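Source file: target_19.tsv (TSV, C-alpha atoms and all ligand atoms)
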chain	number	residue	atom	x	y	z
A	1	MET	CA	-7.51	-43.46	3.11
A	2	THR	CA	-7.93	-40.61	0.65
A	3	ASP	CA	-11.50	-39.42	0.01
A	4	PRO	CA	-11.93	-39.52	-3.81
A	5	SER	CA	-14.54	-36.76	-3.69
A	6	GLN	CA	-11.96	-34.51	-2.02
A	7	THR	CA	-9.01	-35.45	-4.21
A	8	VAL	CA	-8.10	-34.51	-7.77
A	9	SER	CA	-8.01	-37.08	-10.55
A	10	PHE	CA	-4.71	-36.02	-12.08
A	11	THR	CA	-1.12	-36.99	-11.52
A	12	GLN	CA	0.12	-34.23	-13.83
A	13	MET	CA	-1.37	-30.76	-13.60
A	14	LYS	CA	-1.88	-30.54	-17.36
A	15	GLU	CA	-4.36	-33.43	-17.15
A	16	GLY	CA	-6.57	-31.72	-14.57
A	17	THR	CA	-10.24	-31.04	-15.34
A	18	ARG	CA	-12.28	-27.97	-14.52
A	19	GLU	CA	-13.88	-29.99	-11.69
A	20	ASP	CA	-10.43	-30.78	-10.31
A	21	TYR	CA	-9.47	-27.14	-10.24
A	22	GLU	CA	-12.79	-26.03	-8.79
A	23	LEU	CA	-12.24	-28.56	-6.00
A	24	LEU	CA	-8.73	-27.23	-5.36
A	25	HIS	CA	-10.04	-23.69	-5.31
A	26	GLU	CA	-12.58	-24.65	-2.64
A	27	LEU	CA	-10.04	-26.53	-0.53
A	28	GLU	CA	-7.57	-23.67	-0.74
A	29	LYS	CA	-9.87	-21.29	1.13
A	30	PRO	CA	-9.55	-22.90	4.57
A	31	TYR	CA	-5.84	-23.41	3.91
A	32	LEU	CA	-5.34	-19.72	3.23
A	33	GLY	CA	-7.44	-18.96	6.29
A	34	LEU	CA	-4.85	-20.72	8.43
A	35	THR	CA	-1.91	-18.59	7.26
A	36	ALA	CA	-1.94	-16.56	10.47
A	37	ASP	CA	-1.77	-19.77	12.50
A	38	ARG	CA	1.27	-20.92	10.55
A	39	ILE	CA	2.92	-17.54	11.06
A	40	LEU	CA	2.25	-17.71	14.80
A	41	ASP	CA	3.65	-21.25	14.92
A	42	GLU	CA	6.83	-20.05	13.21
A	43	LEU	CA	7.17	-17.20	15.70
A	44	ARG	CA	6.82	-19.65	18.60
A	45	ARG	CA	9.47	-21.84	16.98
A	46	GLN	CA	11.75	-18.79	16.84
A	47	GLY	CA	11.31	-18.50	20.58
A	48	GLU	CA	12.47	-22.01	21.39
A	49	ALA	CA	16.15	-21.12	21.55
A	50	THR	CA	18.37	-18.14	22.09
A	51	LEU	CA	19.68	-16.85	18.80
A	52	GLU	CA	23.26	-18.00	18.35
A	53	GLY	CA	25.49	-15.70	20.38
A	54	TYR	CA	22.80	-13.15	21.18
A	55	GLN	CA	21.24	-12.58	24.60
A	56	ILE	CA	17.69	-13.10	23.35
A	57	SER	CA	15.73	-15.31	20.96
A	58	ARG	CA	14.58	-14.26	17.51
A	59	LEU	CA	11.02	-14.18	18.85
A	60	ASP	CA	12.11	-11.86	21.68
A	61	HIS	CA	13.71	-9.59	19.09
A	62	GLY	CA	10.50	-9.45	17.06
A	63	LEU	CA	8.37	-8.83	20.15
A	64	GLN	CA	10.70	-6.07	21.29
A	65	SER	CA	10.60	-4.42	17.87
A	66	ALA	CA	6.81	-4.66	17.72
A	67	THR	CA	6.42	-3.34	21.28
A	68	ARG	CA	8.50	-0.29	20.33
A	69	ALA	CA	6.40	0.25	17.19
A	70	GLU	CA	3.18	0.12	19.19
A	71	ALA	CA	4.57	2.35	21.95
A	72	GLU	CA	5.28	4.98	19.30
A	73	GLY	CA	1.64	4.82	18.22
A	74	ARG	CA	2.32	3.29	14.81
A	75	ASP	CA	-0.38	1.60	12.78
A	76	ILE	CA	-1.04	-2.14	12.73
A	77	ASP	CA	0.93	-2.52	9.47
A	78	TRP	CA	4.04	-1.29	11.26
A	79	ILE	CA	3.44	-3.28	14.42
A	80	VAL	CA	3.00	-6.56	12.56
A	81	GLY	CA	5.77	-5.60	10.12
A	82	ALA	CA	8.12	-5.08	13.06
A	83	LEU	CA	7.02	-8.36	14.65
A	84	LEU	CA	7.64	-10.31	11.44
A	85	HIS	CA	10.62	-8.47	9.96
A	86	ASP	CA	12.89	-11.47	10.65
A	87	ILE	CA	10.31	-14.24	10.14
A	88	GLY	CA	12.32	-15.58	7.19
A	89	ASP	CA	15.46	-16.11	9.22
A	90	GLY	CA	14.89	-19.83	9.72
A	91	LEU	CA	14.60	-20.84	6.08
A	92	ALA	CA	16.52	-18.04	4.36
A	93	PRO	CA	19.15	-16.69	6.73
A	94	GLN	CA	21.23	-15.21	3.88
A	95	ASN	CA	18.33	-13.25	2.41
A	96	HIS	CA	15.89	-13.24	5.30
A	97	ASP	CA	14.93	-9.60	4.71
A	98	ARG	CA	13.50	-10.33	1.28
A	99	PHE	CA	11.91	-13.58	2.45
A	100	SER	CA	10.22	-11.79	5.36
A	101	ALA	CA	9.00	-9.04	3.05
A	102	GLU	CA	7.36	-11.59	0.74
A	103	VAL	CA	5.46	-13.09	3.68
A	104	ILE	CA	3.81	-9.78	4.54
A	105	ARG	CA	3.79	-8.04	1.14
A	106	PRO	CA	0.22	-8.98	0.08
A	107	PHE	CA	-1.24	-7.64	3.34
A	108	VAL	CA	0.61	-4.49	4.44
A	109	ARG	CA	1.37	-1.05	3.14
A	110	TRP	CA	4.03	-0.78	0.42
A	111	GLU	CA	6.24	1.37	2.62
A	112	VAL	CA	6.30	-1.31	5.33
A	113	ALA	CA	7.09	-4.13	2.89
A	114	TRP	CA	9.88	-2.06	1.27
A	115	THR	CA	11.40	-1.35	4.64
A	116	VAL	CA	11.36	-5.01	5.71
A	117	GLU	CA	12.77	-6.04	2.33
A	118	HIS	CA	15.75	-3.69	2.66
A	119	HIS	CA	16.37	-3.65	6.41
A	120	GLY	CA	19.31	-6.05	6.10
A	121	ILE	CA	21.47	-3.70	4.06
A	122	PHE	CA	20.41	-0.66	6.11
A	123	GLN	CA	21.23	-2.53	9.30
A	124	MET	CA	24.84	-2.97	8.11
A	125	LEU	CA	25.49	0.61	9.28
A	126	TYR	CA	25.75	-0.71	12.82
A	127	TYR	CA	28.23	-3.56	12.40
A	128	ALA	CA	29.63	-4.06	8.89
A	129	HIS	CA	32.81	-2.03	9.56
A	130	HIS	CA	33.82	-4.58	12.22
A	131	TYR	CA	34.15	-7.12	9.41
A	132	GLY	CA	35.83	-4.73	6.98
A	133	TRP	CA	32.61	-4.41	4.95
A	134	ASP	CA	30.93	-1.25	3.68
A	135	ARG	CA	28.70	-0.02	6.48
A	136	ASN	CA	27.21	2.57	4.13
A	137	ALA	CA	26.03	0.09	1.53
A	138	ARG	CA	22.56	1.54	2.11
A	139	GLU	CA	23.65	4.67	0.22
A	140	ARG	CA	22.73	3.03	-3.06
A	141	PHE	CA	19.11	3.64	-2.00
A	142	ARG	CA	19.68	7.27	-0.92
A	143	ASP	CA	17.25	8.64	-3.51
A	144	HIS	CA	14.50	6.13	-2.78
A	145	PRO	CA	11.42	7.65	-1.12
A	146	CYS	CA	11.57	5.02	1.65
A	147	PHE	CA	15.23	5.66	2.56
A	148	ASP	CA	14.55	7.72	5.67
A	149	THR	CA	11.78	5.36	6.79
A	150	CYS	CA	14.03	2.32	6.56
A	151	ALA	CA	16.86	4.16	8.32
A	152	ALA	CA	14.50	5.08	11.18
A	153	PHE	CA	13.13	1.52	11.38
A	154	CYS	CA	16.66	0.19	11.87
A	155	GLU	CA	17.78	2.90	14.28
A	156	ARG	CA	14.76	2.97	16.58
A	157	TRP	CA	13.40	-0.58	16.41
A	158	ASP	CA	15.65	-3.16	14.79
A	159	GLN	CA	19.20	-2.44	15.98
A	160	ALA	CA	17.86	-1.34	19.39
A	161	SER	CA	15.90	-4.51	20.12
A	162	PHE	CA	18.44	-6.97	21.52
A	163	ASP	CA	17.92	-6.07	25.18
A	164	PRO	CA	17.06	-9.01	27.48
A	165	ASP	CA	15.64	-6.59	30.07
A	166	PHE	CA	13.23	-4.78	27.77
A	167	PRO	CA	9.57	-5.10	28.88
A	168	SER	CA	8.19	-6.57	25.66
A	169	LYS	CA	4.54	-7.40	25.26
A	170	PRO	CA	3.92	-11.17	24.88
A	171	LEU	CA	3.06	-12.83	21.60
A	172	GLU	CA	-0.55	-13.21	22.78
A	173	HIS	CA	-0.85	-9.43	22.77
A	174	PHE	CA	0.04	-9.25	19.09
A	175	GLU	CA	-1.85	-12.35	17.98
A	176	PRO	CA	-5.12	-10.51	17.14
A	177	MET	CA	-3.13	-8.02	15.06
A	178	VAL	CA	-1.43	-10.82	13.13
A	179	ARG	CA	-4.84	-12.39	12.49
A	180	GLU	CA	-6.29	-9.06	11.34
A	181	ILE	CA	-3.45	-8.45	8.89
A	182	PHE	CA	-3.56	-11.92	7.33
A	183	ALA	CA	-7.37	-11.82	7.08
A	184	ARG	CA	-7.11	-8.88	4.70
A	185	LYS	CA	-7.78	-9.29	0.99
A	186	ALA	CA	-4.42	-9.99	-0.62
A	187	TYR	CA	-2.91	-7.19	-2.71
A	188	ASP	CA	-5.83	-4.85	-2.06
A	189	PRO	CA	-4.71	-1.50	-3.53
A	190	ALA	CA	-6.51	0.26	-0.68
A	191	VAL	CA	-4.19	-1.57	1.73
A	192	ILE	CA	-0.97	-1.52	-0.29
A	193	ARG	CA	-1.10	2.18	-1.21
A	194	GLU	CA	1.93	1.85	-3.45
A	195	GLY	CA	4.17	4.87	-3.50
A	196	GLU	CA	2.74	6.39	-0.32
A	197	VAL	CA	5.41	7.29	2.25
A	198	LEU	CA	4.24	8.38	5.68
A	199	GLY	CA	7.63	8.11	7.34
A	200	LEU	CA	8.49	7.03	10.84
B	301	FE	FE	16.92	-8.82	10.05
B	302	FE	FE	15.93	-7.68	13.20
Show the structure stored in the file as structure tokens.
Ligand SMILES: [Fe+2]
Ligand SMILES: [Fe+2]
Amino acid sequence: MTDPSQTVSFTQMKEGTREDYELLHELEKPYLGLTADRILDELRRQGEATLEGYQISRLDHGLQSATRAEAEGRDIDWIVGALLHDIGDGLAPQNHDRFSAEVIRPFVRWEVAWTVEHHGIFQMLYYAHHYGWDRNARERFRDHPCFDTCAAFCERWDQASFDPDFPSKPLEHFEPMVREIFARKAYDPAVIREGEVLGL
């Protein structure tokens, strides 16, 4: 049974009252607060099966990438960015890089979001020629300030992280970092630091 005091009056948004929208605003807060839990659930789901044809699961790949980022002493934006760089693979396998970037974009540095957004095309360097595709498709971004960062991300973390024997840290190790990132104020300029490139 729906609680009328916790439910809007409208069936079309244009008919909503100020009280309706104030109620929705209040109810949205705990929902937004559970974003990290939904992210962690999706990661666990990615660990339920080995990725088609690969030796490891998508979760293992993310954990391995994040473990490498942490071992190199990178900041939490990079560690969580590495962990989640393929989080969109389940719902958007054809454009999972952009999907994954949108998940983290409000909460991480601009350089990290740009790298995750473009890692798919940069990653083609390692395999596209086997299909007769252009492995250097990344060259269209040669003059972008994040080019070298994205190239390093793919070389050191992404393409390297398909090893079933790699000693990855478990998801529990990264869970507090995921919670810290998604507890940040969304689109805070002090977090995003648009245009700043620190490199990898
Ligand atoms: Fe990817
Ligand atoms: Fe990946």
List as a list of chain:residue names the protein and nucleic acid residues lying within 10 Å of ligand FE 302 (chain B), with all atoms listed in the file counted.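 Result of the 10 Å neighbour search around ligand FE 302 (chain B): A:Arg58, A:Leu59, A:His61, A:Gly62, A:Gln64, A:Ser65, A:Ala82, A:Leu83, A:Leu84, A:His85, A:Asp86, A:Ile87, A:Asp89, A:His96, A:Asp97, A:Val116, A:His119, A:Gly120, A:Gln123, A:Phe153, A:Cys154, A:Trp157, A:Asp158, A:Gln159, A:Ala160, A:Ser161, A:Phe162.
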Just give me the gap between atom CA of A:Trp110 and atom CA of A:Gly90 in Å, one decimal is fine. 23.8 Å
In Å, rounded to a single decimal, give me how far atom CA of A:Val103 is from atom CA of A:Ala36.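 Between atom CA of A:Ala36 and atom CA of A:Val103 the gap works out to 10.6 Å.
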Of the listed residues A:Gly132, A:Gly73, A:Gly81, A:Gly47, that which approaches ligand FE 301 (chain B) most closely, counting all atoms listed in the file: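 Looking at the shortest contact to ligand FE 301 (chain B), the residue is A:Gly81.
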Residue nearest ligand FE 301 (chain B) among A:Asn95, A:Thr50, A:Gln6, A:Ser57 (counting only C-alpha atoms and all ligand atoms):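 For ligand FE 301 (chain B), the nearest of the given residues is A:Asn95.
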So which one's closest to A:Glu180, A:Tyr126, A:Asp37, A:Ala137, A:Gln46? Using all atoms listed in the file, please.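 Checking each candidate against A:Glu180, we get A:Asp37 as the closest.
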Could you give me, as a ChimeraX atom specification, the residues within 10 Å of A:Ala183, counting all atoms listed in the file and dropping anything in the same chain fewer than 5 positions from it? /A:32-36,107,177-178
Which of these residues is nearest to A:Thr67, using all atoms listed in the file: A:Val112, A:Ala49, A:Leu171, A:Leu125?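 Using all atoms listed in the file, the shortest distance to A:Thr67 belongs to A:Leu171.
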May I have the residues within 6 Å of stretch 142-150 of chain A as a PyMOL selection string, using only C-alpha atoms and disregarding those fewer than 6 positions away in the same chain? chain A and resi 115+199-200
Would you save the residues of that selection, restricted to C-alpha atoms, as a PDB file, in the coordinates of the input?
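selection-v1.pdb, freshly written:
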ATOM      1  CA  THR A 115      11.400  -1.350   4.640  1.00  0.00           C
ATOM      2  CA  GLY A 199       7.630   8.110   7.340  1.00  0.00           C
ATOM      3  CA  LEU A 200       8.490   7.030  10.840  1.00  0.00           C
TER       4      LEU A 200
END
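Distance check against ligand FE 301 (chain B) using all atoms listed in the file: of A:Phe10, A:Phe122, A:Tyr21, A:Tyr31, the minimum falls on A:Phe122.
Rounded to one decimal, atom CA of A:Leu40 and atom CA of A:Phe182 lie 11.1 Å from each other.
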Measuring atom to atom with only C-alpha atoms, identify which of A:Ile192, A:Leu43, A:Ala152, A:Leu63 is nearest to A:Arg109. A:Ile192
Within 8 Å of A:Glu102, counting all atoms listed in the file, which residues qualify if same-chain residues fewer than 3 places away don't, as an mmCIF file with C-alpha atoms, in the frame of the given file?
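And here's selection_23.cif as it stands now:
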data_model
loop_
_atom_site.group_PDB
_atom_site.id
_atom_site.type_symbol
_atom_site.label_atom_id
_atom_site.label_comp_id
_atom_site.auth_asym_id
_atom_site.auth_seq_id
_atom_site.Cartn_x
_atom_site.Cartn_y
_atom_site.Cartn_z
ATOM 1 C CA ARG A 98 13.500 -10.330 1.280
ATOM 2 C CA PHE A 99 11.910 -13.580 2.450
ATOM 3 C CA ARG A 105 3.790 -8.040 1.140
ATOM 4 C CA PRO A 106 0.220 -8.980 0.080
ATOM 5 C CA ALA A 113 7.090 -4.130 2.890
ATOM 6 C CA GLU A 117 12.770 -6.040 2.330
#
Provide an axis-aligned box for all listed atoms of stretch 144-156 of chain A, padding each side by 8 Å; report its centre and its edge lengths in Å to one decimal, as JSON.
{"center_x": 14.6, "center_y": 4.0, "center_z": 6.9, "size_x": 22.4, "size_y": 23.5, "size_z": 35.4}
Write out as a PyMOL selection string each polymer residue whose atoms come within 10 Å of A:Asp20, counting all atoms listed in the file; drop sequence neighbours fewer than 6 positions from it. chain A and resi 5-10+13
How would stretch 51-84 of chain A look with N, CA and C atoms restored, written as a short mmCIF file (atom, residue, chain, number, x, y, z; two decimals), keeping the file's coordinate frame?
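And here's selection14.cif as it stands now:
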data_model
loop_
_atom_site.label_atom_id
_atom_site.label_comp_id
_atom_site.auth_asym_id
_atom_site.auth_seq_id
_atom_site.Cartn_x
_atom_site.Cartn_y
_atom_site.Cartn_z
N LEU A 51 18.99 -16.99 20.08
CA LEU A 51 19.68 -16.85 18.80
C LEU A 51 21.18 -16.96 19.03
N GLU A 52 21.84 -17.71 18.17
CA GLU A 52 23.26 -18.00 18.35
C GLU A 52 24.06 -16.76 18.72
N GLY A 53 24.61 -16.78 19.95
CA GLY A 53 25.49 -15.70 20.38
C GLY A 53 24.80 -14.49 20.96
N TYR A 54 23.53 -14.32 20.67
CA TYR A 54 22.80 -13.15 21.18
C TYR A 54 22.25 -13.45 22.58
N GLN A 55 21.79 -12.41 23.26
CA GLN A 55 21.24 -12.58 24.60
C GLN A 55 19.76 -12.94 24.60
N ILE A 56 19.13 -12.86 23.44
CA ILE A 56 17.69 -13.10 23.35
C ILE A 56 17.39 -14.00 22.15
N SER A 57 16.15 -14.48 22.10
CA SER A 57 15.73 -15.31 20.96
C SER A 57 15.26 -14.41 19.82
N ARG A 58 15.10 -15.01 18.65
CA ARG A 58 14.58 -14.26 17.51
C ARG A 58 13.15 -13.80 17.79
N LEU A 59 12.37 -14.61 18.47
CA LEU A 59 11.02 -14.18 18.85
C LEU A 59 11.09 -12.97 19.76
N ASP A 60 11.96 -13.01 20.78
CA ASP A 60 12.11 -11.86 21.68
C ASP A 60 12.44 -10.59 20.89
N HIS A 61 13.32 -10.74 19.90
CA HIS A 61 13.71 -9.59 19.09
C HIS A 61 12.52 -9.02 18.32
N GLY A 62 11.70 -9.90 17.77
CA GLY A 62 10.50 -9.45 17.06
C GLY A 62 9.50 -8.79 18.00
N LEU A 63 9.31 -9.39 19.17
CA LEU A 63 8.37 -8.83 20.15
C LEU A 63 8.84 -7.46 20.62
N GLN A 64 10.14 -7.34 20.82
CA GLN A 64 10.70 -6.07 21.29
C GLN A 64 10.52 -4.99 20.21
N SER A 65 10.78 -5.36 18.98
CA SER A 65 10.60 -4.42 17.87
C SER A 65 9.14 -3.99 17.76
N ALA A 66 8.23 -4.96 17.85
CA ALA A 66 6.81 -4.66 17.72
C ALA A 66 6.30 -3.83 18.91
N THR A 67 6.82 -4.11 20.09
CA THR A 67 6.42 -3.34 21.28
C THR A 67 6.84 -1.88 21.11
N ARG A 68 8.03 -1.67 20.57
CA ARG A 68 8.50 -0.29 20.33
C ARG A 68 7.60 0.39 19.29
N ALA A 69 7.25 -0.33 18.23
CA ALA A 69 6.40 0.25 17.19
C ALA A 69 5.06 0.66 17.77
N GLU A 70 4.48 -0.19 18.59
CA GLU A 70 3.18 0.12 19.19
C GLU A 70 3.30 1.28 20.18
N ALA A 71 4.38 1.29 20.96
CA ALA A 71 4.57 2.35 21.95
C ALA A 71 4.70 3.72 21.29
N GLU A 72 5.17 3.72 20.04
CA GLU A 72 5.28 4.98 19.30
C GLU A 72 3.98 5.34 18.60
N GLY A 73 2.94 4.52 18.80
CA GLY A 73 1.64 4.82 18.22
C GLY A 73 1.52 4.52 16.75
N ARG A 74 2.36 3.61 16.23
CA ARG A 74 2.32 3.29 14.81
C ARG A 74 1.14 2.40 14.48
N ASP A 75 0.79 2.36 13.19
CA ASP A 75 -0.38 1.60 12.78
C ASP A 75 -0.09 0.09 12.80
N ILE A 76 -1.14 -0.68 12.60
CA ILE A 76 -1.04 -2.14 12.73
C ILE A 76 -0.09 -2.71 11.67
N ASP A 77 0.00 -2.05 10.50
CA ASP A 77 0.93 -2.52 9.47
C ASP A 77 2.36 -2.48 10.00
N TRP A 78 2.70 -1.41 10.70
CA TRP A 78 4.04 -1.29 11.26
C TRP A 78 4.27 -2.26 12.42
N ILE A 79 3.26 -2.41 13.26
CA ILE A 79 3.44 -3.28 14.42
C ILE A 79 3.67 -4.72 13.97
N VAL A 80 2.84 -5.19 13.05
CA VAL A 80 3.00 -6.56 12.56
C VAL A 80 4.25 -6.66 11.67
N GLY A 81 4.54 -5.61 10.93
CA GLY A 81 5.77 -5.60 10.12
C GLY A 81 7.01 -5.72 11.00
N ALA A 82 7.00 -5.01 12.12
CA ALA A 82 8.12 -5.08 13.06
C ALA A 82 8.21 -6.48 13.68
N LEU A 83 7.05 -7.03 14.04
CA LEU A 83 7.02 -8.36 14.65
C LEU A 83 7.59 -9.42 13.71
N LEU A 84 7.30 -9.26 12.42
CA LEU A 84 7.64 -10.31 11.44
C LEU A 84 8.85 -9.96 10.57
#
